[in-house]
Amino acid sequence: MFWKKKDKEKEQEKEQGSEKTGFKKAAKGVLYGMASHGHVMSALRTRMYLEHLFMFITLGDMLGIPVLPPYYSLRILPYAVPNIKSWKMRVFRERDFTDAIF
Amino acid sequence: MANYPFIFVVFAIIAYGIAFRVYGKWYDRTVWKPDPKRTTPAHMYMDGVEYFPVSKYVLWGYQFKSIAALGPILGPFVALSFGWLPALIWIILGNFFIGWLQDYGAIMVSVRNEGRSFGPISYELTGPKGRNTLLGFLLFYMIIISAVFIYLVATFWNIFPTTFVATLGIFATGILAGRLLYKYRINVVRVTILALVLIVVSIFLGRLLPIPSNFLGNWTIAFWAVVVCGILFAGSILPMPVFIQPVNYVSFFPTYLAIILILIGALLSPITNISLVQASFKGFYPDPNVGPLWPILFVAIACGAISGWHSLVGSSTTSKQLDIETDAHPVGAGSMLSEGLLALASVSCYMVLTNDEMKVAAEAAGGVRNIGSWVYGAVKLTSAYFGGGEAVKNFLTTYFGVVLVIYALTVQALVTRFWRLISAEVFGQNILGQKYPATFVGLLIPWIFAITGSWINLWLYFGGSNQLLAGLAIMLITIHLARVKSPSIYTLIPATFMIITTLAALLWEIYDFTRAVLGYLGVEEFTKFGLKVAGPLAKPSPDAPYPYPTISVLLNSVFILVGVMLFLLGLRMAYYTYKAYFRFKAEPTPAMARESA
């Protein structure tokens, strides 16, 4: 029977270990959430606005607003293509002043 | 043991534990029925910027940080005019039956409506008139919040002479941290350590370079308020990564350390022998300048039991990042109940001060009461376990004073920015909708209010509009529940209570200003009250005449108008919400509709 005991002990140790890891993860998450999450989101939003500008400049002539000569648009098109889907989603999304609080 | 702050904290932990584990779980099963398998907006519309799933621990931390500010710290001070027992009961029962329901409900309504914030939700549930009324209400709400926070920062700099240089040091540290992080790409841990060192240095510098209180006489608060507006103007127009973001980041550490220190102080109070010394109950109408217990107590504690600001935060960001629906309960309800704990710890900071200590605090502020008394209580609670020496007390006084200042400044910087965005929405291409004029106007009006108005009235206007917003938010939650045919009575009763109470509080404040004006104009019944003015407009001595009577009367009349506008907009919004509620309530359920067909 000793091996069963050993297995049980191992399981207990594993559980304790995962509890410890779980607590550490939770504490880390809470600290990150309090100190940095808003900070990170704000940085992401700033990048989003710059990306919108970049896409608008690149694809402007296709939308009827020729911002950049097509030669340059075509040259930077490969950088813009991967972002088209998310750009479209973000630009078409309904926005309200209450979205801008944080 | 019952006479120590320790009992506040333990009692709150037990009560809030029951609210979370028992009432919360039952309510969840009965009303919202969250389903972990239902796709949340974070997954449905994931874009990696606004919509993306985040762990519940991160969201809890974020939600708590966004909702816990000066409201739960300073609100209890006004409420203590009635004694600490009513404040204690309201913070515990208000949060138990109303507060967390609102925070949690706001997140769930948004999650069940594709992550929309309260603007579009109010449009959908109450129509365009409802949404426009909400917009108008928010504009007045912003002005009042700004006036209160500008006044508070200016007052704290004045009554705690060592805090101004320390605040500047912390702000400079924030800007430097931003440069190091973004421009020079230095590791965040190193930057944080450097920032922490610089914060401590700033507090010592503040102690070395105090600026005397009242150095400009009656105009001192006005001067400090100009400085506050200058900082807020910069915060509103500069890019977020340059100013607000890094300053908020470095400010997080001292402000939240203060909360932990106070909680420890309250828990150790039986050992440090710091007991409650203020009266538990002072009557239902102890001070004519404050008003009657109902409705004033319920708006004076502008946060801690319930707050409308939370519904805006929960529906604008948190709901867009919720991984699974079942996370909404620990995030929304958990963070609100934790805030209640902070409010109770703050109550204990006031309650440990003896009447003599309160008098010393009031004398330092040059008045009959001192809104900064919290600092004295916090120092008393915490210095005991740090050794209690004079040097420790002095350092802690500057530290807790700075904590109050940066709490107010960091929140107000966001509010000023939000004002600018609302102005762009309301005024469009008009000059008032543009960046610089909008920010200027958004600071000028609150500055005028801040330097001349009576702070208790300002605070009660702020509390009234904030709690009314909460009542309206719970009403929107109730409408949603009625629409989806879930039990709505558990939110309808709290919403009705909050709306009636806050409208009554606003009416009281209007009456308070009206009787002040009528008293000045010669109505005998009200002559004893005097005009509600402060700073340069106040009487130099009780028997002296008002130095600027016309401006004073005019300003009190403007405050009456602001109160009337808040009241009417709130009433109109309440009308639309109840109309929508009864409309949805009367609609047949899908089963009934099938039967009638």
# chains A, B, ... in the order shown; residues from 1 in each chain; ligands from 1
call {"tool": "closest_atom_pairs", "arguments": {"of": "chain A", "to": "chain B", "cutoff": "10 Å", "atoms": "only C-alpha atoms", "output": "tab-separated table"}}
result
residue	atom	partner	partner_atom	distance
A:Lys25	CA	B:Tyr57	CA	8.5
A:Ala26	CA	B:Tyr57	CA	5.6
A:Ala27	CA	B:Tyr57	CA	7.6
A:Lys28	CA	B:Val58	CA	8.2
A:Gly29	CA	B:Val58	CA	4.5
A:Val30	CA	B:Gly61	CA	4.5
A:Leu31	CA	B:Gly61	CA	6.6
A:Tyr32	CA	B:Val58	CA	6.3
A:Gly33	CA	B:Val58	CA	4.1
A:Met34	CA	B:Gly61	CA	4.4
A:Ala35	CA	B:Tyr249	CA	6.0
A:Ser36	CA	B:Tyr249	CA	6.7
A:His37	CA	B:Tyr62	CA	6.4
A:Gly38	CA	B:Tyr62	CA	6.9
A:His39	CA	B:Gln245	CA	5.7
A:Val40	CA	B:Gln245	CA	9.0
A:Met41	CA	B:Val49	CA	6.9
A:Ser42	CA	B:Met240	CA	7.2
A:Ala43	CA	B:Pro241	CA	6.8
A:Leu44	CA	B:Val49	CA	5.6
A:Arg45	CA	B:Val49	CA	6.2
A:Thr46	CA	B:Met240	CA	8.0
A:Arg47	CA	B:Val49	CA	8.7
A:Met48	CA	B:Val49	CA	7.1
A:Lys85	CA	B:Asp47	CA	9.4
A:Ser86	CA	B:Asp47	CA	6.0
A:Trp87	CA	B:Asp47	CA	8.7
A:Met89	CA	B:Asp47	CA	8.0
A:Arg90	CA	B:Asp47	CA	7.7
A:Arg93	CA	B:Tyr45	CA	9.8
A:Glu94	CA	B:Pro120	CA	8.5
A:Arg95	CA	B:Pro120	CA	8.3
A:Asp96	CA	B:Gly119	CA	6.2
A:Phe97	CA	B:Ile422	CA	6.0
A:Thr98	CA	B:Gly119	CA	5.7
A:Asp99	CA	B:Ser316	CA	4.8
A:Ala100	CA	B:Phe418	CA	6.9
A:Ile101	CA	B:Phe418	CA	6.0
A:Phe102	CA	B:Thr317	CA	6.9
call {"tool": "write_last_selection", "arguments": {"atoms": "N, CA and C atoms", "output": "mmCIF file, in the first residue's frame"}}
result
data_model
loop_
_atom_site.group_PDB
_atom_site.id
_atom_site.type_symbol
_atom_site.label_atom_id
_atom_site.label_comp_id
_atom_site.auth_asym_id
_atom_site.auth_seq_id
_atom_site.Cartn_x
_atom_site.Cartn_y
_atom_site.Cartn_z
ATOM 1 N N LYS A 25 -0.276 33.636 -9.145
ATOM 2 C CA LYS A 25 -0.831 34.142 -10.407
ATOM 3 C C LYS A 25 -1.890 35.216 -10.118
ATOM 4 N N ALA A 26 -2.751 34.912 -9.110
ATOM 5 C CA ALA A 26 -3.810 35.862 -8.768
ATOM 6 C C ALA A 26 -3.216 37.173 -8.263
ATOM 7 N N ALA A 27 -2.212 37.059 -7.358
ATOM 8 C CA ALA A 27 -1.601 38.264 -6.792
ATOM 9 C C ALA A 27 -0.929 39.094 -7.887
ATOM 10 N N LYS A 28 -0.253 38.393 -8.797
ATOM 11 C CA LYS A 28 0.414 39.069 -9.908
ATOM 12 C C LYS A 28 -0.611 39.776 -10.800
ATOM 13 N N GLY A 29 -1.712 39.040 -11.051
ATOM 14 C CA GLY A 29 -2.775 39.587 -11.891
ATOM 15 C C GLY A 29 -3.380 40.836 -11.276
ATOM 16 N N VAL A 30 -3.657 40.774 -9.969
ATOM 17 C CA VAL A 30 -4.273 41.915 -9.283
ATOM 18 C C VAL A 30 -3.324 43.125 -9.331
ATOM 19 N N LEU A 31 -2.046 42.874 -9.040
ATOM 20 C CA LEU A 31 -1.071 43.966 -9.047
ATOM 21 C C LEU A 31 -0.958 44.584 -10.440
ATOM 22 N N TYR A 32 -0.898 43.708 -11.443
ATOM 23 C CA TYR A 32 -0.812 44.207 -12.821
ATOM 24 C C TYR A 32 -2.073 45.007 -13.166
ATOM 25 N N GLY A 33 -3.231 44.450 -12.775
ATOM 26 C CA GLY A 33 -4.504 45.114 -13.077
ATOM 27 C C GLY A 33 -4.579 46.489 -12.456
ATOM 28 N N MET A 34 -4.105 46.600 -11.203
ATOM 29 C CA MET A 34 -4.185 47.881 -10.504
ATOM 30 C C MET A 34 -3.159 48.879 -11.023
ATOM 31 N N ALA A 35 -1.948 48.386 -11.255
ATOM 32 C CA ALA A 35 -0.864 49.321 -11.580
ATOM 33 C C ALA A 35 -0.766 49.618 -13.065
ATOM 34 N N SER A 36 -0.959 48.591 -13.914
ATOM 35 C CA SER A 36 -0.549 48.766 -15.312
ATOM 36 C C SER A 36 -1.610 48.546 -16.375
ATOM 37 N N HIS A 37 -2.709 47.883 -16.034
ATOM 38 C CA HIS A 37 -3.635 47.508 -17.102
ATOM 39 C C HIS A 37 -4.188 48.739 -17.835
ATOM 40 N N GLY A 38 -4.575 49.747 -17.075
ATOM 41 C CA GLY A 38 -5.096 50.968 -17.687
ATOM 42 C C GLY A 38 -4.041 51.627 -18.564
ATOM 43 N N HIS A 39 -2.822 51.586 -18.074
ATOM 44 C CA HIS A 39 -1.654 52.130 -18.752
ATOM 45 C C HIS A 39 -1.460 51.434 -20.111
ATOM 46 N N VAL A 40 -1.524 50.093 -20.089
ATOM 47 C CA VAL A 40 -1.324 49.297 -21.302
ATOM 48 C C VAL A 40 -2.464 49.575 -22.288
ATOM 49 N N MET A 41 -3.690 49.639 -21.775
ATOM 50 C CA MET A 41 -4.831 49.877 -22.663
ATOM 51 C C MET A 41 -4.733 51.230 -23.337
ATOM 52 N N SER A 42 -4.271 52.197 -22.556
ATOM 53 C CA SER A 42 -4.136 53.536 -23.120
ATOM 54 C C SER A 42 -3.082 53.547 -24.225
ATOM 55 N N ALA A 43 -1.986 52.811 -23.997
ATOM 56 C CA ALA A 43 -0.934 52.735 -25.020
ATOM 57 C C ALA A 43 -1.476 52.037 -26.274
ATOM 58 N N LEU A 44 -2.272 50.982 -26.068
ATOM 59 C CA LEU A 44 -2.854 50.268 -27.209
ATOM 60 C C LEU A 44 -3.795 51.176 -28.002
ATOM 61 N N ARG A 45 -4.548 51.989 -27.259
ATOM 62 C CA ARG A 45 -5.476 52.901 -27.934
ATOM 63 C C ARG A 45 -4.726 53.943 -28.761
ATOM 64 N N THR A 46 -3.611 54.443 -28.190
ATOM 65 C CA THR A 46 -2.807 55.427 -28.929
ATOM 66 C C THR A 46 -2.299 54.796 -30.221
ATOM 67 N N ARG A 47 -1.844 53.534 -30.089
ATOM 68 C CA ARG A 47 -1.356 52.838 -31.287
ATOM 69 C C ARG A 47 -2.502 52.657 -32.297
ATOM 70 N N MET A 48 -3.688 52.360 -31.778
ATOM 71 C CA MET A 48 -4.852 52.164 -32.655
ATOM 72 C C MET A 48 -5.123 53.425 -33.484
ATOM 73 N N LYS A 85 -8.643 43.850 -41.762
ATOM 74 C CA LYS A 85 -9.832 43.270 -41.132
ATOM 75 C C LYS A 85 -10.157 43.967 -39.790
ATOM 76 N N SER A 86 -9.127 44.059 -38.932
ATOM 77 C CA SER A 86 -9.394 44.660 -37.614
ATOM 78 C C SER A 86 -9.678 46.162 -37.752
ATOM 79 N N TRP A 87 -9.019 46.800 -38.728
ATOM 80 C CA TRP A 87 -9.257 48.232 -38.971
ATOM 81 C C TRP A 87 -10.723 48.471 -39.337
ATOM 82 N N MET A 89 -13.246 46.584 -38.707
ATOM 83 C CA MET A 89 -14.102 46.310 -37.542
ATOM 84 C C MET A 89 -14.158 47.511 -36.600
ATOM 85 N N ARG A 90 -12.964 48.081 -36.351
ATOM 86 C CA ARG A 90 -12.885 49.182 -35.384
ATOM 87 C C ARG A 90 -13.542 50.448 -35.918
ATOM 88 N N ARG A 93 -17.343 50.251 -35.935
ATOM 89 C CA ARG A 93 -18.004 50.037 -34.648
ATOM 90 C C ARG A 93 -18.670 51.320 -34.143
ATOM 91 N N GLU A 94 -19.878 51.117 -33.578
ATOM 92 C CA GLU A 94 -20.604 52.245 -32.992
ATOM 93 C C GLU A 94 -19.809 52.771 -31.784
ATOM 94 N N ARG A 95 -19.589 54.062 -31.738
ATOM 95 C CA ARG A 95 -18.852 54.635 -30.600
ATOM 96 C C ARG A 95 -19.678 55.708 -29.921
ATOM 97 N N ASP A 96 -19.439 55.866 -28.641
ATOM 98 C CA ASP A 96 -20.224 56.833 -27.882
ATOM 99 C C ASP A 96 -19.294 57.552 -26.918
ATOM 100 N N PHE A 97 -19.752 58.723 -26.445
ATOM 101 C CA PHE A 97 -18.887 59.464 -25.510
ATOM 102 C C PHE A 97 -18.648 58.677 -24.223
ATOM 103 N N THR A 98 -19.607 57.815 -23.847
ATOM 104 C CA THR A 98 -19.406 57.046 -22.607
ATOM 105 C C THR A 98 -18.346 55.946 -22.768
ATOM 106 N N ASP A 99 -17.926 55.684 -24.029
ATOM 107 C CA ASP A 99 -16.841 54.712 -24.242
ATOM 108 C C ASP A 99 -15.487 55.321 -23.913
ATOM 109 N N ALA A 100 -15.442 56.645 -23.842
ATOM 110 C CA ALA A 100 -14.150 57.325 -23.751
ATOM 111 C C ALA A 100 -13.715 57.610 -22.321
ATOM 112 N N ILE A 101 -14.459 57.098 -21.335
ATOM 113 C CA ILE A 101 -14.152 57.474 -19.952
ATOM 114 C C ILE A 101 -12.772 56.999 -19.535
ATOM 115 N N PHE A 102 -12.471 55.735 -19.805
ATOM 116 C CA PHE A 102 -11.150 55.222 -19.402
ATOM 117 C C PHE A 102 -10.392 54.712 -20.604
#
call {"tool": "closest_residue", "arguments": {"among": "B:Ser454, B:Thr173, B:Thr501, B:Thr439", "to": "Val533 of chain B", "atoms": "only C-alpha atoms"}}
result
B:Ser454
call {"tool": "closest_residue", "arguments": {"among": "B:Ile264, B:Leu506, B:Ala147, B:Ile306", "to": "Ile474 of chain B", "atoms": "only C-alpha atoms"}}
result
B:Ile306
call {"tool": "atom_distance", "arguments": {"atom1": "atom CA of Gly377 of chain B", "atom2": "atom CA of Ala222 of chain B"}}
result
27.0 Å
call {"tool": "residues_around", "arguments": {"residues": "segment 552-567 of chain B", "least_positions_apart": "2", "cutoff": "10 Å", "atoms": "only C-alpha atoms", "output": "ChimeraX atom specification"}}
result
/B:136-141,143-144,448-449,452-454,457-458,461,464-465,468,502-514,516-518,520-521,531-534,536-538,546-550,569-573
call {"tool": "residues_around", "arguments": {"residues": "segment 408-410 of chain B", "least_positions_apart": "3", "cutoff": "6 Å", "atoms": "only C-alpha atoms", "output": "PDB file with C-alpha atoms, in the first residue's frame"}}
result
ATOM      1  CA  PHE B 149     -11.751  68.235  -6.802  1.00  0.00           C
ATOM      2  CA  VAL B 405      -3.805  65.380  -3.408  1.00  0.00           C
ATOM      3  CA  ALA B 413      -7.154  64.868 -14.964  1.00  0.00           C
TER       4      ALA B 413
END
call {"tool": "closest_residue", "arguments": {"among": "B:Ala450, B:Leu322, B:Ala258, B:Ala362", "to": "Leu342 of chain B", "atoms": "only C-alpha atoms"}}
result
B:Ala258
call {"tool": "closest_residue", "arguments": {"among": "B:Gln102, B:Asn289, B:Thr192, B:Gln278", "to": "Thr478 of chain B", "atoms": "only C-alpha atoms"}}
result
B:Gln102
call {"tool": "residues_around", "arguments": {"residues": "Ile451 of chain B", "least_positions_apart": "5", "cutoff": "10 Å", "atoms": "only C-alpha atoms", "output": "list in words"}}
result
Ala147, Val148, Ile150, Tyr151, Ala154, Thr155, Asn218, Trp219, Thr220, Ile221, Ala222, Phe223, Trp224, Ala225, Val226, Pro446, Val533, Ala534, Gly535, Pro536 and Leu537 of chain B
call {"tool": "select_by_dssp", "arguments": {"residues": "segment 270-344 of chain B", "states": "helix (DSSP H, G or I)", "output": "PyMOL selection string"}}
result
chain B and resi 270-272+293-300+308-316+318-321+325-344
call {"tool": "atom_distance", "arguments": {"atom1": "atom CA of Ile98 of chain B", "atom2": "atom CA of Ile259 of chain B"}}
result
23.7 Å
call {"tool": "atom_distance", "arguments": {"atom1": "atom CA of Lys282 of chain B", "atom2": "atom CA of Ala87 of chain B"}}
result
11.5 Å
call {"tool": "residues_around", "arguments": {"residues": "segment 78-82 of chain A", "least_positions_apart": "6", "cutoff": "10 Å", "atoms": "only C-alpha atoms", "output": "PyMOL selection string"}}
result
chain A and resi 51+54-56+58-59
call {"tool": "decode", "arguments": {"residues": "segment 51-62 of chain A", "atoms": "N, CA and C atoms", "output": "tab-separated table (two decimals), in the first residue's frame"}}
result
chain	number	residue	atom	x	y	z
A	51	GLU	N	-2.57	53.76	-36.11
A	51	GLU	CA	-2.81	52.76	-37.16
A	51	GLU	C	-3.95	53.20	-38.08
A	52	HIS	N	-4.98	53.79	-37.46
A	52	HIS	CA	-6.10	54.29	-38.27
A	52	HIS	C	-5.59	55.32	-39.27
A	53	LEU	N	-4.71	56.17	-38.79
A	53	LEU	CA	-4.15	57.22	-39.64
A	53	LEU	C	-3.33	56.59	-40.77
A	54	PHE	N	-2.53	55.63	-40.41
A	54	PHE	CA	-1.68	54.95	-41.39
A	54	PHE	C	-2.54	54.29	-42.47
A	55	MET	N	-3.60	53.59	-42.04
A	55	MET	CA	-4.47	52.90	-42.99
A	55	MET	C	-5.20	53.92	-43.87
A	56	PHE	N	-5.60	55.00	-43.25
A	56	PHE	CA	-6.33	56.03	-43.99
A	56	PHE	C	-5.42	56.64	-45.07
A	57	ILE	N	-4.18	56.88	-44.70
A	57	ILE	CA	-3.24	57.46	-45.66
A	57	ILE	C	-2.98	56.47	-46.79
A	58	THR	N	-2.79	55.21	-46.41
A	58	THR	CA	-2.43	54.20	-47.40
A	58	THR	C	-3.60	53.88	-48.34
A	59	LEU	N	-4.78	53.71	-47.75
A	59	LEU	CA	-5.91	53.25	-48.55
A	59	LEU	C	-6.86	54.39	-48.91
A	60	GLY	N	-6.44	55.62	-48.64
A	60	GLY	CA	-7.32	56.77	-48.86
A	60	GLY	C	-7.82	56.86	-50.28
A	61	ASP	N	-6.94	56.62	-51.28
A	61	ASP	CA	-7.39	56.78	-52.67
A	61	ASP	C	-8.48	55.77	-53.04
A	62	MET	N	-8.46	54.59	-52.40
A	62	MET	CA	-9.51	53.60	-52.67
A	62	MET	C	-10.86	54.05	-52.09
